[in-house]
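Please read the structure below before turning to the comments.
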Amino acid sequence: MKSDNRQACVGLISAVIAGGAGVAAAQPATLLGFTPAGSAAERALEGRFDANLSADSIRDRMKLMAAEPNQVGSPHDKANAEYTLAQFKAWGWDAHIETFNVLYPTPKSELLELLGPTPYVASFNEPPVPGDATTYRQAGGLPAWAVYGGDGDVTAPLVYVNYGMPADYAVLRRLGVSVKGKIVIARYGGGWRGLKPKLADEHGAIGCIIYSDPADDGFATADPYPKGPARPEHGVQRGSVSDWPTETGDPLTPGYGSVNGAPRIPVSGAKTIMHIPAVPIAWGEAIHFLAPLGGPVAPKSWRGALPITYHVGGDGPRARLAIQANWDQKTAYDVIAVMKGVTQPDAWVVRGNHRDGWVFGAQDPLAGQTALMEEAKSLGALARTGWRPGRTLVYASWDGEEPALLGSTEWAETHAQELQSKAVVYINSDTNDRGFLFVEASYSLRGLVDQAAADVVDPETSVSVRDRALARLQVAATEPGAGPEIRGLAAEAQRSGALPVGDLGSGSDYTPFVQHLGIASIDLGFGGEGQSGGVYHSAYDTFEHFARFGDPGFVYGVVLAKTTGRLVLRAADAELLPFRFDNLAKTVAVEVDELKMLVASRREHAKMVDRLLDANAFALASDPTTLSGPPERESPPPELDFSDLDMAVERLRTSARAYDEAMAAPVGADRAQRANLILQGLEQALTHPDGLPGRPWYRHLIYAPGMLTGYGAKTLPGVREAIESGAWDQARDFINRTAQVLNAASEKIDAATRALSG
Ligand SMILES: [Zn+2]
């Protein structure tokens, strides 16, 4: 998983930037948490770590691991787990396989056909392409498949719903088109895949087809594969449609590990499984269903790149969608490798990447997985020279990420207590290809990330990967169409000289660690130049495609290993854990201001809609010969009292300042160690045991995947989503709870400051 955000950034930059952009601050000689002498020794160690990394070995490993379909339950997935285990052992790690039995439905039968005057039966297969030997080895792979969709056999007229997101349903309402009792056809994009059947169901639809429009990742973007990288006519994006923003992991063991003997809830009681059948198809299939649609012509922003007039449908020919799954459990194989720390064995640095793909999974996930293995190889070589990490390293090769973060979630749930007492950080990667560094991280870890990125050289430009990411942001902010968000980020980066770091939403294995257990986390990868988006989750995400279009020469695999290796080594060896809290205080302050503005703008918008409705303006502004009704009136927000949150932010600012001053002074090992014991669980203070509204599994009150975005993060989600949905009591409640968790964090920061000051 994890590709949409990075792919969405493709195309922001039109020119390769050579040389520094002149915005980055000079790299300080002292690393966060190290003494000056310790910093020099650490950098020397990192030089030795780098020297063991090899692009050839990453290439060979990917070729082997991507040779056959490797989805959950496939023979090659198990073989890859055994191969990974053997490699870790050969490199000197204490490694084992931990298994979980997880619900993983696979297709028993799938049918999609158009009835009426131009009948058509859809194909769910992706034909092999000349020049790519891997695409001829699909035996045992899955056809087009939406895992965790419902069983069903439904026949009804089709309605085209654009991306199938909430705003699209508001447009449909104004067009006078209902999806009640119909089958919707949505294009990919606009939000989490699983929201499409979920929202369709909530609006009364009985089936959901999802297709890849060539405007988004096909021939309108580049030459299709094999000539170019883009999604070919029959390329399908498989994927999960589980209700991921509600919880992740095995739907039958919510909140606890799906080990042998654990109780299972019935499939009918699982919160994250869809009620209606869903299927993904290629544009070469979708065109047969979209072309004959009647009803109104689709609004301009809904039209893709197919050579048809896009209609909304609703009264056209009927389609039949019949899906039946084998509701079987499969074994998920996590490979867990440990290298014990010498000074603090009970403090863990956890590093993970998933290993399962949708078919061959070269870019997603093996580009990240093979880099993780290269790090482990190099760390093993360092260990053979007598070096040992200060804290314990735990390397994980997760299974079952694609369906629902199964391997990571079940492992995190099984070991929750131990992780909450021992894990200092979780570091994740997933997809990777040529281009720019993308990072999302807990606010307290941004200083660590910034320093690590400043020490890794970008192979295309010879500046640091940090300076390159900064330059990209600065240039993107000047381009036509740059939104306020990117301009704001660029201005902030200009001011601070720090690497732009995003908020943790979801879409990869960090979610159970940060959002469920409250373990400070980092997610990173490279991309933006590699062109893997068009084969995302298809049978064309192969070694051959990746070697041509993803990361030719496998150089960015090495760059990822260098960057992540620094994060791992510094987190493991720092005398004082490399957390800082100024960023937390500053960022939360900005977010509270955003919430206040959100309330004000909702109030203004509701007033404006009232004014226009009172003046009959919507009717006067529309063409009376086409159907387009007025929007609904909105309920204006009441006064919300943010003072608890304002006070909590002020207190956090004071605590963060005091801590940063204390950590800047030399402290000595004893004091540092006393502070470490407080620091390593500090992120947990930002969680609340009751979690977020309607989704108690998500306990972090500062960042979460949006209920209606899926991948994208919502900050201060309890309050923000309450304001967005007009749930005012809930907004008041979560203003209070969010203030409570911030105060709890301030208390811990103060305790760490006292420990440092002696
Ligand atoms: Zn992935």
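Chain labels follow the order of the structure tokens: the first chain is A, the next B, and so on; residue numbering restarts at 1 in every chain, and ligands are counted from 1 in their shown order.
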
Could you give me, as a PDB file with C-alpha atoms, in the first residue's frame, the residues within 9 Å of Ile281 of chain A, counting only C-alpha atoms and dropping anything in the same chain fewer than 4 positions from it?
```
ATOM      1  CA  ALA A 122     -16.112  -8.086 -18.051  1.00  0.00           C
ATOM      2  CA  SER A 123     -12.725  -9.783 -17.892  1.00  0.00           C
ATOM      3  CA  PHE A 124     -10.793  -9.713 -14.626  1.00  0.00           C
ATOM      4  CA  ALA A 144      -9.100  -8.254 -10.136  1.00  0.00           C
ATOM      5  CA  TRP A 145     -10.198  -8.355  -6.496  1.00  0.00           C
ATOM      6  CA  ILE A 209     -17.502  -1.012  -9.369  1.00  0.00           C
ATOM      7  CA  ILE A 210     -14.172   0.849  -9.152  1.00  0.00           C
ATOM      8  CA  TYR A 211     -12.124   1.509 -12.271  1.00  0.00           C
ATOM      9  CA  SER A 212      -8.832   3.172 -13.197  1.00  0.00           C
ATOM     10  CA  HIS A 234      -6.259  -4.001 -19.025  1.00  0.00           C
ATOM     11  CA  GLY A 235      -4.249  -2.976 -15.964  1.00  0.00           C
ATOM     12  CA  VAL A 236      -6.264  -3.373 -12.764  1.00  0.00           C
ATOM     13  CA  GLN A 237      -5.669  -1.820  -9.376  1.00  0.00           C
ATOM     14  CA  ARG A 238      -6.524  -4.517  -6.831  1.00  0.00           C
ATOM     15  CA  GLU A 285     -13.522  -3.027 -19.295  1.00  0.00           C
ATOM     16  CA  ALA A 286     -15.082   0.065 -17.743  1.00  0.00           C
TER      17      ALA A 286
END
```

Strand (DSSP E) per DSSP on the backbone: members of segment 439-578 of chain A, as a PyMOL selection string:
chain A and resi 439-441+521-528

My list of candidates is A:Gly712, A:Gly352, A:Pro117, A:Gly92. Which is closest to ligand 1 when distances are computed with only C-alpha atoms and all ligand atoms?
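Ranked by minimum distance to ligand 1, first place goes to A:Gly352.
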
Using only C-alpha atoms and all ligand atoms, which residues of the polymer chains come no farther than 12 Å from ligand 1? I'd like the answer as a ChimeraX atom specification.
/A:1-4,71,239-240,352-369,397-405,428-432,506-510,523,525,536-537,541

Written file, previous selection with N, CA and C atoms, as a compact mmCIF listing (two decimals), in the first residue's frame:
```
# COMPACT_ATOMS: atom_id res chain seq x y z
N MET A 1 0.86 -1.17 0.00
CA MET A 1 0.00 0.00 0.00
C MET A 1 0.89 1.22 0.00
N LYS A 2 0.33 2.33 0.27
CA LYS A 2 1.11 3.55 0.37
C LYS A 2 1.70 3.93 -0.96
N SER A 3 0.93 4.53 -1.78
CA SER A 3 1.50 5.02 -3.00
C SER A 3 0.81 6.31 -3.39
N ASP A 4 -0.43 6.43 -3.03
CA ASP A 4 -1.23 7.54 -3.55
C ASP A 4 -0.61 8.91 -3.29
N GLN A 71 0.99 -12.71 -2.81
CA GLN A 71 -0.05 -12.22 -1.89
C GLN A 71 -0.19 -13.17 -0.70
N GLY A 239 -7.08 -4.18 -4.52
CA GLY A 239 -6.90 -3.48 -3.25
C GLY A 239 -7.92 -3.84 -2.21
N SER A 240 -7.64 -3.33 -1.03
CA SER A 240 -8.52 -3.58 0.11
C SER A 240 -9.63 -2.54 0.12
N GLY A 352 10.27 -1.60 10.32
CA GLY A 352 9.48 -2.56 9.55
C GLY A 352 9.14 -2.10 8.14
N ASN A 353 8.84 -3.08 7.32
CA ASN A 353 8.36 -2.89 5.94
C ASN A 353 7.58 -4.15 5.59
N HIS A 354 6.51 -4.00 4.82
CA HIS A 354 5.80 -5.24 4.50
C HIS A 354 6.43 -5.97 3.33
N ARG A 355 6.10 -7.27 3.25
CA ARG A 355 6.72 -8.15 2.26
C ARG A 355 5.70 -8.65 1.25
N ASP A 356 4.42 -8.70 1.62
CA ASP A 356 3.38 -9.21 0.71
C ASP A 356 3.04 -8.16 -0.35
N GLY A 357 2.80 -8.62 -1.56
CA GLY A 357 2.36 -7.73 -2.63
C GLY A 357 0.94 -8.08 -3.06
N TRP A 358 0.43 -7.33 -4.07
CA TRP A 358 -0.87 -7.72 -4.63
C TRP A 358 -0.69 -8.79 -5.70
N VAL A 359 0.36 -8.65 -6.51
CA VAL A 359 0.69 -9.75 -7.43
C VAL A 359 2.19 -10.00 -7.24
N PHE A 360 3.05 -9.37 -8.04
CA PHE A 360 4.50 -9.57 -7.88
C PHE A 360 5.10 -8.56 -6.89
N GLY A 361 4.46 -7.40 -6.82
CA GLY A 361 4.81 -6.43 -5.78
C GLY A 361 6.23 -5.91 -5.82
N ALA A 362 6.75 -5.60 -7.02
CA ALA A 362 8.15 -5.15 -7.10
C ALA A 362 8.33 -3.80 -6.39
N GLN A 363 7.54 -2.80 -6.81
CA GLN A 363 7.68 -1.48 -6.18
C GLN A 363 6.95 -1.46 -4.85
N ASP A 364 5.78 -2.06 -4.81
CA ASP A 364 4.98 -2.09 -3.59
C ASP A 364 4.79 -3.54 -3.19
N PRO A 365 5.58 -4.06 -2.24
CA PRO A 365 6.42 -3.38 -1.27
C PRO A 365 7.90 -3.72 -1.39
N LEU A 366 8.31 -4.50 -2.43
CA LEU A 366 9.65 -5.09 -2.35
C LEU A 366 10.76 -4.04 -2.50
N ALA A 367 10.46 -2.90 -3.13
CA ALA A 367 11.49 -1.85 -3.20
C ALA A 367 11.89 -1.41 -1.79
N GLY A 368 10.90 -1.31 -0.90
CA GLY A 368 11.21 -0.96 0.49
C GLY A 368 11.75 -2.15 1.26
N GLN A 369 11.15 -3.31 1.05
CA GLN A 369 11.55 -4.52 1.79
C GLN A 369 13.00 -4.89 1.50
N SER A 397 9.70 -7.99 8.94
CA SER A 397 9.23 -8.11 7.57
C SER A 397 7.78 -8.57 7.68
N TRP A 398 6.86 -7.61 7.47
CA TRP A 398 5.44 -7.88 7.74
C TRP A 398 4.77 -8.61 6.59
N ASP A 399 3.88 -9.47 6.92
CA ASP A 399 2.99 -10.09 5.92
C ASP A 399 1.62 -9.39 6.00
N GLY A 400 0.83 -9.54 4.94
CA GLY A 400 -0.57 -9.13 5.00
C GLY A 400 -0.83 -7.64 5.21
N GLU A 401 0.11 -6.80 4.75
CA GLU A 401 -0.16 -5.35 4.86
C GLU A 401 -1.27 -4.95 3.90
N GLU A 402 -1.22 -5.50 2.69
CA GLU A 402 -2.14 -5.03 1.64
C GLU A 402 -3.62 -5.16 2.03
N PRO A 403 -4.05 -6.31 2.57
CA PRO A 403 -5.47 -6.40 2.91
C PRO A 403 -5.89 -5.47 4.05
N ALA A 404 -5.08 -5.36 5.11
CA ALA A 404 -5.52 -4.53 6.25
C ALA A 404 -4.42 -4.38 7.30
N LEU A 405 -3.16 -4.23 6.89
CA LEU A 405 -2.04 -4.15 7.85
C LEU A 405 -2.10 -5.32 8.82
N ASN A 428 9.13 3.09 9.63
CA ASN A 428 8.47 2.34 8.56
C ASN A 428 8.89 2.83 7.17
N SER A 429 8.95 1.89 6.25
CA SER A 429 8.99 2.26 4.83
C SER A 429 8.07 1.30 4.10
N ASP A 430 7.88 1.55 2.79
CA ASP A 430 6.94 0.71 2.03
C ASP A 430 7.36 0.80 0.58
N THR A 431 6.65 1.53 -0.25
CA THR A 431 7.06 1.69 -1.64
C THR A 431 8.29 2.59 -1.70
N ASN A 432 9.02 2.49 -2.79
CA ASN A 432 10.19 3.36 -2.96
C ASN A 432 10.50 3.44 -4.44
N SER A 506 -2.67 7.28 7.31
CA SER A 506 -2.56 5.82 7.32
C SER A 506 -2.19 5.36 5.93
N GLY A 507 -2.23 4.05 5.71
CA GLY A 507 -1.86 3.52 4.42
C GLY A 507 -0.63 2.65 4.50
N SER A 508 -0.07 2.48 5.69
CA SER A 508 1.03 1.54 5.84
C SER A 508 1.18 1.14 7.30
N ASP A 509 2.20 0.29 7.56
CA ASP A 509 2.27 -0.44 8.83
C ASP A 509 2.57 0.37 10.09
N TYR A 510 2.79 1.67 9.98
CA TYR A 510 3.02 2.45 11.20
C TYR A 510 1.75 2.66 12.01
N ASP A 523 7.62 7.47 8.98
CA ASP A 523 7.36 6.73 7.74
C ASP A 523 8.10 7.47 6.64
N GLY A 525 10.18 7.35 2.49
CA GLY A 525 10.45 6.70 1.23
C GLY A 525 10.82 7.76 0.21
N TYR A 536 0.54 0.39 -10.11
CA TYR A 536 0.21 0.20 -8.70
C TYR A 536 -0.84 -0.90 -8.52
N HIS A 537 -0.48 -1.91 -7.73
CA HIS A 537 -1.40 -3.02 -7.37
C HIS A 537 -1.87 -3.83 -8.58
N ASP A 541 3.30 -4.55 -11.92
CA ASP A 541 4.31 -4.05 -10.97
C ASP A 541 5.34 -5.17 -10.79
```

Any chance you could list, as a ChimeraX atom specification, the residues in segment 305-499 of chain A that come up helix (DSSP H, G or I) when DSSP is run on the backbone?
/A:362-384,401-404,406-414,416-422,443-454,465-478,484-496

Could you state the separation of atom CA of Gly706 of chain A and atom CA of Glu594 of chain A in Å, given to one decimal place?
15.9 Å

Would you mind listing what lies within 9 Å of segment 131-133 of chain A as an mmCIF file with N, CA, C and O atoms, in the first residue's frame, with only C-alpha atoms counted and same-chain residues fewer than 5 positions away left out?
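Everything below was put into out-v2.cif:
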```cif
data_model
loop_
_atom_site.group_PDB
_atom_site.id
_atom_site.type_symbol
_atom_site.label_atom_id
_atom_site.label_comp_id
_atom_site.auth_asym_id
_atom_site.auth_seq_id
_atom_site.Cartn_x
_atom_site.Cartn_y
_atom_site.Cartn_z
ATOM 1 N N PRO A 226 3.804 -1.929 -22.322
ATOM 2 C CA PRO A 226 5.242 -1.896 -22.080
ATOM 3 C C PRO A 226 6.011 -0.768 -22.778
ATOM 4 O O PRO A 226 7.199 -0.617 -22.526
ATOM 5 N N TYR A 540 1.439 -5.773 -13.454
ATOM 6 C CA TYR A 540 2.560 -5.164 -14.179
ATOM 7 C C TYR A 540 3.568 -4.488 -13.243
ATOM 8 O O TYR A 540 4.543 -3.904 -13.709
ATOM 9 N N THR A 542 6.222 -5.246 -11.798
ATOM 10 C CA THR A 542 7.181 -6.351 -11.887
ATOM 11 C C THR A 542 8.608 -5.831 -11.730
ATOM 12 O O THR A 542 8.865 -4.624 -11.842
ATOM 13 N N PHE A 543 9.518 -6.775 -11.555
ATOM 14 C CA PHE A 543 10.948 -6.454 -11.546
ATOM 15 C C PHE A 543 11.332 -5.703 -12.822
ATOM 16 O O PHE A 543 12.055 -4.703 -12.783
ATOM 17 N N GLU A 544 10.812 -6.183 -13.973
ATOM 18 C CA GLU A 544 11.175 -5.562 -15.260
ATOM 19 C C GLU A 544 10.702 -4.109 -15.330
ATOM 20 O O GLU A 544 11.434 -3.219 -15.760
ATOM 21 N N HIS A 545 9.446 -3.877 -14.901
ATOM 22 C CA HIS A 545 8.906 -2.517 -14.920
ATOM 23 C C HIS A 545 9.703 -1.621 -13.972
ATOM 24 O O HIS A 545 10.086 -0.500 -14.310
#
```

Long-range neighbours of Thr343 of chain A as a ChimeraX atom specification, 10 Å cut-off, only C-alpha atoms, 3 positions minimum in chain
/A:340,346-347,388-392,572-573,575

Residue selection dump (N, CA, C and O atoms) as a PDB file, in the first residue's frame:
```
ATOM      1  N   LYS A 340      20.408  -7.599  19.916  1.00  0.00           N
ATOM      2  CA  LYS A 340      20.281  -7.093  21.273  1.00  0.00           C
ATOM      3  C   LYS A 340      21.202  -5.908  21.544  1.00  0.00           C
ATOM      4  O   LYS A 340      22.360  -5.919  21.148  1.00  0.00           O
ATOM      5  N   ASP A 346      16.509  -3.299  27.015  1.00  0.00           N
ATOM      6  CA  ASP A 346      15.055  -3.220  27.139  1.00  0.00           C
ATOM      7  C   ASP A 346      14.453  -1.982  26.490  1.00  0.00           C
ATOM      8  O   ASP A 346      13.289  -1.661  26.716  1.00  0.00           O
ATOM      9  N   ALA A 347      15.245  -1.279  25.705  1.00  0.00           N
ATOM     10  CA  ALA A 347      14.700  -0.189  24.884  1.00  0.00           C
ATOM     11  C   ALA A 347      14.832  -0.637  23.430  1.00  0.00           C
ATOM     12  O   ALA A 347      15.919  -0.996  22.992  1.00  0.00           O
ATOM     13  N   ARG A 388      28.133  -3.294  18.570  1.00  0.00           N
ATOM     14  CA  ARG A 388      26.778  -3.648  18.985  1.00  0.00           C
ATOM     15  C   ARG A 388      25.975  -2.369  19.180  1.00  0.00           C
ATOM     16  O   ARG A 388      26.530  -1.353  19.621  1.00  0.00           O
ATOM     17  N   PRO A 389      24.661  -2.388  18.876  1.00  0.00           N
ATOM     18  CA  PRO A 389      23.850  -1.190  19.116  1.00  0.00           C
ATOM     19  C   PRO A 389      23.684  -0.958  20.617  1.00  0.00           C
ATOM     20  O   PRO A 389      23.739  -1.915  21.401  1.00  0.00           O
ATOM     21  N   GLY A 390      23.466   0.287  21.007  1.00  0.00           N
ATOM     22  CA  GLY A 390      23.203   0.587  22.409  1.00  0.00           C
ATOM     23  C   GLY A 390      21.849   0.027  22.833  1.00  0.00           C
ATOM     24  O   GLY A 390      21.732  -0.682  23.826  1.00  0.00           O
ATOM     25  N   ARG A 391      20.817   0.358  22.039  1.00  0.00           N
ATOM     26  CA  ARG A 391      19.478  -0.186  22.305  1.00  0.00           C
ATOM     27  C   ARG A 391      19.242  -1.382  21.373  1.00  0.00           C
ATOM     28  O   ARG A 391      19.944  -1.566  20.391  1.00  0.00           O
ATOM     29  N   THR A 392      18.235  -2.172  21.699  1.00  0.00           N
ATOM     30  CA  THR A 392      17.950  -3.372  20.918  1.00  0.00           C
ATOM     31  C   THR A 392      17.269  -3.010  19.596  1.00  0.00           C
ATOM     32  O   THR A 392      16.346  -2.187  19.568  1.00  0.00           O
ATOM     33  N   ALA A 572      19.220   4.164  18.186  1.00  0.00           N
ATOM     34  CA  ALA A 572      19.755   3.080  19.024  1.00  0.00           C
ATOM     35  C   ALA A 572      20.914   3.547  19.896  1.00  0.00           C
ATOM     36  O   ALA A 572      21.088   3.064  21.015  1.00  0.00           O
ATOM     37  N   ASP A 573      21.717   4.464  19.391  1.00  0.00           N
ATOM     38  CA  ASP A 573      22.971   4.792  20.076  1.00  0.00           C
ATOM     39  C   ASP A 573      22.963   6.117  20.837  1.00  0.00           C
ATOM     40  O   ASP A 573      23.874   6.364  21.634  1.00  0.00           O
ATOM     41  N   GLU A 575      22.834   8.898  23.417  1.00  0.00           N
ATOM     42  CA  GLU A 575      22.887   8.830  24.878  1.00  0.00           C
ATOM     43  C   GLU A 575      21.552   9.285  25.464  1.00  0.00           C
ATOM     44  O   GLU A 575      20.962   8.620  26.307  1.00  0.00           O
TER      45      GLU A 575
END
```

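Among the candidates A:Ala371, A:Leu437, A:Val449, A:Ala585, the residue lying nearest to Gly527 of chain A is A:Leu437 (atoms considered: only C-alpha atoms).
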
Choose the residue, out of A:Leu306, A:Met597, A:Ala396, A:Ala383, that has the smallest atom-to-atom separation from Gly341 of chain A; count only C-alpha atoms.
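Of A:Leu306, A:Met597, A:Ala396, A:Ala383, the one nearest Gly341 of chain A is A:Ala383, counting only C-alpha atoms.
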
A:Glu591, A:Leu199, A:Gly207, A:Ser601: which is nearest Ala170 of chain A, counting only C-alpha atoms?
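For Ala170 of chain A, the nearest of the given residues is A:Leu199.
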
So which residues touch segment 155-169 of chain A within 9 Å, counting only C-alpha atoms, skipping near sequence neighbours fewer than 6 positions away, as number ranges by chain?
A: 177-179, 181-191, 195-197, 199-200, 203, 206-207, 210, 289-290, 293, 295, 298, 301-304, 310-322, 708-709

Between A:Ser746, A:Ser655, A:Gln515, A:Gln474, single out the one closest to Arg695 of chain A, counting only C-alpha atoms.
A:Gln515

List the spatial neighbours of Leu682 of chain A as a PDB file with N, CA and C atoms, in the first residue's frame - criterion: any atom at most 10 Å away, only C-alpha atoms, same-chain residues fewer than 2 positions off excluded.
```pdb
ATOM      1  N   VAL A 424      10.973   2.553  21.676  1.00  0.00           N
ATOM      2  CA  VAL A 424      11.242   3.990  21.705  1.00  0.00           C
ATOM      3  C   VAL A 424      10.776   4.648  20.402  1.00  0.00           C
ATOM      4  N   SER A 444       7.653  14.979  17.615  1.00  0.00           N
ATOM      5  CA  SER A 444       8.828  14.950  18.488  1.00  0.00           C
ATOM      6  C   SER A 444      10.069  14.394  17.785  1.00  0.00           C
ATOM      7  N   GLY A 518       0.439   4.349  20.503  1.00  0.00           N
ATOM      8  CA  GLY A 518       1.083   5.588  20.943  1.00  0.00           C
ATOM      9  C   GLY A 518       2.599   5.513  20.968  1.00  0.00           C
ATOM     10  N   ILE A 519       3.179   4.811  19.981  1.00  0.00           N
ATOM     11  CA  ILE A 519       4.643   4.750  19.871  1.00  0.00           C
ATOM     12  C   ILE A 519       5.072   5.750  18.797  1.00  0.00           C
ATOM     13  N   ALA A 520       5.982   6.639  19.165  1.00  0.00           N
ATOM     14  CA  ALA A 520       6.439   7.655  18.223  1.00  0.00           C
ATOM     15  C   ALA A 520       6.944   6.979  16.949  1.00  0.00           C
ATOM     16  N   PHE A 579      14.505  13.082  20.998  1.00  0.00           N
ATOM     17  CA  PHE A 579      13.204  13.751  20.901  1.00  0.00           C
ATOM     18  C   PHE A 579      13.361  15.236  21.192  1.00  0.00           C
ATOM     19  N   ASN A 676      15.578   9.311  29.686  1.00  0.00           N
ATOM     20  CA  ASN A 676      15.166   8.368  28.638  1.00  0.00           C
ATOM     21  C   ASN A 676      13.966   7.534  29.056  1.00  0.00           C
ATOM     22  N   LEU A 677      13.968   7.113  30.322  1.00  0.00           N
ATOM     23  CA  LEU A 677      12.887   6.257  30.795  1.00  0.00           C
ATOM     24  C   LEU A 677      11.540   6.982  30.722  1.00  0.00           C
ATOM     25  N   ILE A 678      11.585   8.307  30.859  1.00  0.00           N
ATOM     26  CA  ILE A 678      10.346   9.087  30.744  1.00  0.00           C
ATOM     27  C   ILE A 678      10.030   9.346  29.270  1.00  0.00           C
ATOM     28  N   LEU A 679      11.067   9.662  28.502  1.00  0.00           N
ATOM     29  CA  LEU A 679      10.876  10.050  27.102  1.00  0.00           C
ATOM     30  C   LEU A 679      10.332   8.916  26.237  1.00  0.00           C
ATOM     31  N   GLN A 680      10.752   7.687  26.529  1.00  0.00           N
ATOM     32  CA  GLN A 680      10.458   6.627  25.556  1.00  0.00           C
ATOM     33  C   GLN A 680       8.979   6.271  25.479  1.00  0.00           C
ATOM     34  N   GLN A 684       2.725   8.171  24.226  1.00  0.00           N
ATOM     35  CA  GLN A 684       1.497   7.531  24.725  1.00  0.00           C
ATOM     36  C   GLN A 684       0.621   8.499  25.508  1.00  0.00           C
ATOM     37  N   ALA A 685       1.247   9.555  26.044  1.00  0.00           N
ATOM     38  CA  ALA A 685       0.441  10.555  26.757  1.00  0.00           C
ATOM     39  C   ALA A 685      -0.545  11.233  25.811  1.00  0.00           C
ATOM     40  N   LEU A 686      -0.270  11.201  24.513  1.00  0.00           N
ATOM     41  CA  LEU A 686      -1.131  11.874  23.537  1.00  0.00           C
ATOM     42  C   LEU A 686      -2.309  11.001  23.104  1.00  0.00           C
ATOM     43  N   THR A 687      -2.407   9.810  23.686  1.00  0.00           N
ATOM     44  CA  THR A 687      -3.531   8.934  23.347  1.00  0.00           C
ATOM     45  C   THR A 687      -4.570   8.985  24.466  1.00  0.00           C
ATOM     46  N   ALA A 744      -1.172  16.126  29.835  1.00  0.00           N
ATOM     47  CA  ALA A 744      -0.450  14.924  30.285  1.00  0.00           C
ATOM     48  C   ALA A 744       0.936  14.879  29.644  1.00  0.00           C
ATOM     49  N   ALA A 745       1.015  15.262  28.368  1.00  0.00           N
ATOM     50  CA  ALA A 745       2.322  15.293  27.694  1.00  0.00           C
ATOM     51  C   ALA A 745       3.215  16.347  28.341  1.00  0.00           C
ATOM     52  N   SER A 746       2.662  17.508  28.658  1.00  0.00           N
ATOM     53  CA  SER A 746       3.455  18.564  29.309  1.00  0.00           C
ATOM     54  C   SER A 746       4.022  18.065  30.631  1.00  0.00           C
ATOM     55  N   GLU A 747       3.196  17.344  31.396  1.00  0.00           N
ATOM     56  CA  GLU A 747       3.677  16.817  32.673  1.00  0.00           C
ATOM     57  C   GLU A 747       4.879  15.902  32.476  1.00  0.00           C
ATOM     58  N   LYS A 748       4.787  15.048  31.469  1.00  0.00           N
ATOM     59  CA  LYS A 748       5.905  14.125  31.197  1.00  0.00           C
ATOM     60  C   LYS A 748       7.142  14.894  30.735  1.00  0.00           C
ATOM     61  N   ILE A 749       6.927  15.886  29.879  1.00  0.00           N
ATOM     62  CA  ILE A 749       8.071  16.684  29.414  1.00  0.00           C
ATOM     63  C   ILE A 749       8.731  17.374  30.608  1.00  0.00           C
ATOM     64  N   ALA A 752      10.806  14.929  32.445  1.00  0.00           N
ATOM     65  CA  ALA A 752      12.065  14.668  31.736  1.00  0.00           C
ATOM     66  C   ALA A 752      13.038  15.825  31.953  1.00  0.00           C
TER      67      ALA A 752
END
```

Could you give me, as a PyMOL selection string, the residues within 12 Å of segment 249-252 of chain A, counting only C-alpha atoms and dropping anything in the same chain fewer than 3 positions from it?
chain A and resi 100-105+147-148+240+242-246+255-259+262-274+327-332+399-414+508-509+511-512+516+697
